[in-house]
Amino acid sequence: MKRITRRGFLRTGLTGAGMIALSPAIVSAASSFQEKNIIYRTLGRTGIKVPVISFGVMRSDNPNLCKAAHEKGIRLFDTANGYLGGNSETMLGNLFKDYPRNSFVLATKVKPGTDREGKPNDQTTPERFLETFNISLSRLKMDYVDILYVHDVSNPEFLEYKPIINTVKQLKKDGKIKFMGFSTHRNEPVVIEAAASTGDWDVILTSYNFQQAYRKELDAAVKKAVASGIGIVAMKTLAGGFLDKERTKPVNASAALKWVLSNPDIHTTIPGMTSFDQLDLNAKILEDISLTEQESKDIIAAGAEPGLFCSGCRQCTASCPYNLPIPDLMRAYMYTYGYSSPAMAQTLLTELGTTDNPCSNCDVCKVQCSRNFLVKERITDVSRLVMVPTDFLT
Amino acid sequence: MKNKILAGIIFVILSGILSAQDIVVPDLNGFKKITKYPVYIPENLWDFINGAADAYLALGFVDLHVAEYKKGKEVIKLEIYRHSDHTMAFGIYASERSPSYRFLNLGSQGYDAGGVINFFKGSFYVKIKTYSKKEKTLLAAESLALRVSDMLAGETDMPVLLSQFPGDGKKLNEETYINESVLGHQFLNKAFRAVYEVGTDNFSIYLMKFGSAQEAYKTAETYLKSTGIDGTESETGKFVLNDGYNGTVFLAWKEDRMVIISGLAGDQAEIADKYTSDILK
């Protein structure tokens, strides 16, 4: 260790040692990369061979993280026009402008603007979509993006909305995008199944995790999409990262990712990474996706946690003889106990028009919740808020 | 069981209680106000802003109130994000701003990016957007921004720690706040960052304030150990180290504050010393 001045900076004689200890990949990136046994899958008809781990780029403050990910063999970087007001795209543009264009795959997303049911509205215009896309291209400093996703498609009707679909097709013809896709994280099975029949889409980015109640339907839709040549990218793979509202029970991240990749129809995943520790953990999965015994146990246990969040699968609604809006009532329960906000719950209950004890006519509840919620208990509990004067809640 | 449930409800009523009802969005002359949006909370923010939610959640997101104002085909959308405190609100605001925007004296700070007016005040981050190019609508959006700013309570200054960054070479409106994993390290959290351009040198300064001098020292020690350096002075210290992923980093701490400089070469200790000494004086 060399002292420069008493008050100045100490320069360590271990220069480089820390570097070697922390990141051998950086020291000999090229050679070590070639020696790796990275697991690749082909992203449907795009023909792109992608490592099973890709990078969901949500932050812009540290390009070195993306740089290190690239050096570890990660190739697909996923961003969106709206992330951080565009600063995520700007950061990636500044980083990748010095990289060979074929050394990475860049995916971004543009929101077409829809109403709350996911249907096109007055603001869903080709002009606005194109304007937004061109801003993305400019921020990314690229002539083209590899994958352009129409951001947040939750209604199959949207897949037939020609003004936007034809705009995206034209971008593909013009060479401004290589492949067209869409992202979906609501109503996924229906949307994915519909897309499989159109022949338009190259890639679908879908939420996919161990907590989704509609697994069978989603898997069937994904299989159909893959059979039709669509590449599948999974997001929200950690299901929020925690099993409880207090964030005391973290999801076993490696287990969750490996569980997703145990489905061969999922071609890659885009976990968000904010630290080098996370990157190191995920880099191991690049070469080994087999679940250990403990990881399997963790996933089974995590999947069994009922938690507070109703996934809105609506499997319950048909079995209630009084047609109660069970998913909404479960949301009211979550507002009360998950968020400590009975006022929000009461507002919702008032909107729903339910009574203070809507389950009073049933001795035994026939409703089966896919998350194993005790539905009658929860409804009975939260519905009492209807009787509480609003002043006590505000 | 019933008693337990009742006790639970009474508990949340008495303890809750950050009510979502305390934000009533203002009216806007000539526009119809539509507020039929749910109040978004951490569990369902994804439903509204998709993958962008991660950044908000990492910065203490509490809830989001949304309203739309319509007049014929003209639409203005208002989003009021509540975060856990003023620093977090600055963090999310700053993460989305660009120095090229036209800055406004609105709340603590705001900007106009052509149909987009964003600002933060207290623990709130407010976003107003219209796709309209009509001047009347753009003026209405400005008027809405002023009304919302007046309505919301909270600090109108910038976070105090920002004033400790030296002005020489500091790029305007590029300061940010990183709540987790500063420079990608899980042991470094809660830092303000400023970007500098001095001659041909570009570098970033990270400033952290800890709860105690001991905490600052412990964090410095962790960082040093991660690069293979043992043995430090506890009260204060200045080191140049090779951080495996971030290259040369200058680390200094004194009492409860820590400064990290990234982007300078190892032989530029004089520049680093000048800035750290200025901050930690």
# chains A, B, ... in the order shown; residues from 1 in each chain; ligands from 1
>>> select_by_dssp(residues="segment 34-72 of chain B", states="alpha helix (DSSP H)", output="ChimeraX atom specification")
/B:45-49,53-57
>>> residues_around(residues="Ala216 of chain B", least_positions_apart="2", cutoff="7 Å", atoms="only C-alpha atoms", output="VMD selection string")
chain B and resid 210 212 to 214 218 to 220 253 256 to 258
>>> select_by_dssp(residues="segment 41-230 of chain A", states="strand (DSSP E)", output="PyMOL selection string")
chain A and resi 41-42+49-51+55-56+76-78+105-110+145-150+177-184+203-207
>>> residues_around(residues="Lys129 of chain B", least_positions_apart="3", cutoff="12 Å", atoms="only C-alpha atoms", output="ChimeraX atom specification")
/B:66-69,74-80,111-119,126,132-133,137-142,144-145
>>> residues_around(residues="segment 252-259 of chain A", least_positions_apart="4", cutoff="10 Å", atoms="only C-alpha atoms", output="PyMOL selection string")
chain A and resi 52-53+208-211+234-239+241-243+263+268-271+278+281-282+284-286+288-299+302
>>> closest_residue(among="B:Ile279, B:Ala272, B:Ala265, B:Ile260", to="chain A", atoms="only C-alpha atoms")
B:Ala272
>>> atom_distance(atom1="atom CA of Arg384 of chain A", atom2="atom CA of Ile34 of chain B")
28.8 Å
>>> atom_distance(atom1="atom CA of Leu349 of chain A", atom2="atom CA of Glu305 of chain A")
25.6 Å
>>> residues_around(residues="Asp280 of chain A", least_positions_apart="5", cutoff="12 Å", atoms="only C-alpha atoms", output="list in words")
Leu22, Ser23, Pro24, Ala25, Ile53, Leu65, Ala68, Ala69, Glu71, Lys72, Gly73, Ile74, Ser254, Met273, Thr274, Ser275, Ile285, Leu286 and Glu287 of chain A; Gly184, His185 and Tyr245 of chain B
>>> atom_distance(atom1="atom CA of Leu161 of chain B", atom2="atom CA of Ser234 of chain B")
22.8 Å
>>> residues_around(residues="Tyr196 of chain B", least_positions_apart="4", cutoff="10 Å", atoms="only C-alpha atoms", output="compact mmCIF listing (two decimals) with C-alpha atoms, in the first residue's frame")
# COMPACT_ATOMS: atom_id res chain seq x y z
CA PRO B 166 -19.08 21.72 -5.34
CA GLY B 167 -20.30 23.88 -8.19
CA ASP B 168 -17.09 23.87 -10.22
CA GLY B 169 -17.72 21.73 -13.31
CA LYS B 170 -21.02 20.31 -12.06
CA LYS B 171 -23.50 19.64 -14.84
CA LEU B 172 -26.79 21.35 -14.17
CA GLU B 174 -28.11 15.95 -13.73
CA GLU B 175 -28.10 15.14 -10.02
CA ASP B 201 -12.54 14.82 -17.72
CA ASN B 202 -15.99 13.44 -17.03
CA PHE B 203 -16.68 11.90 -13.66
CA SER B 204 -19.40 11.26 -11.09
CA ILE B 205 -19.39 12.08 -7.41
CA GLY B 263 -14.65 8.11 -13.80
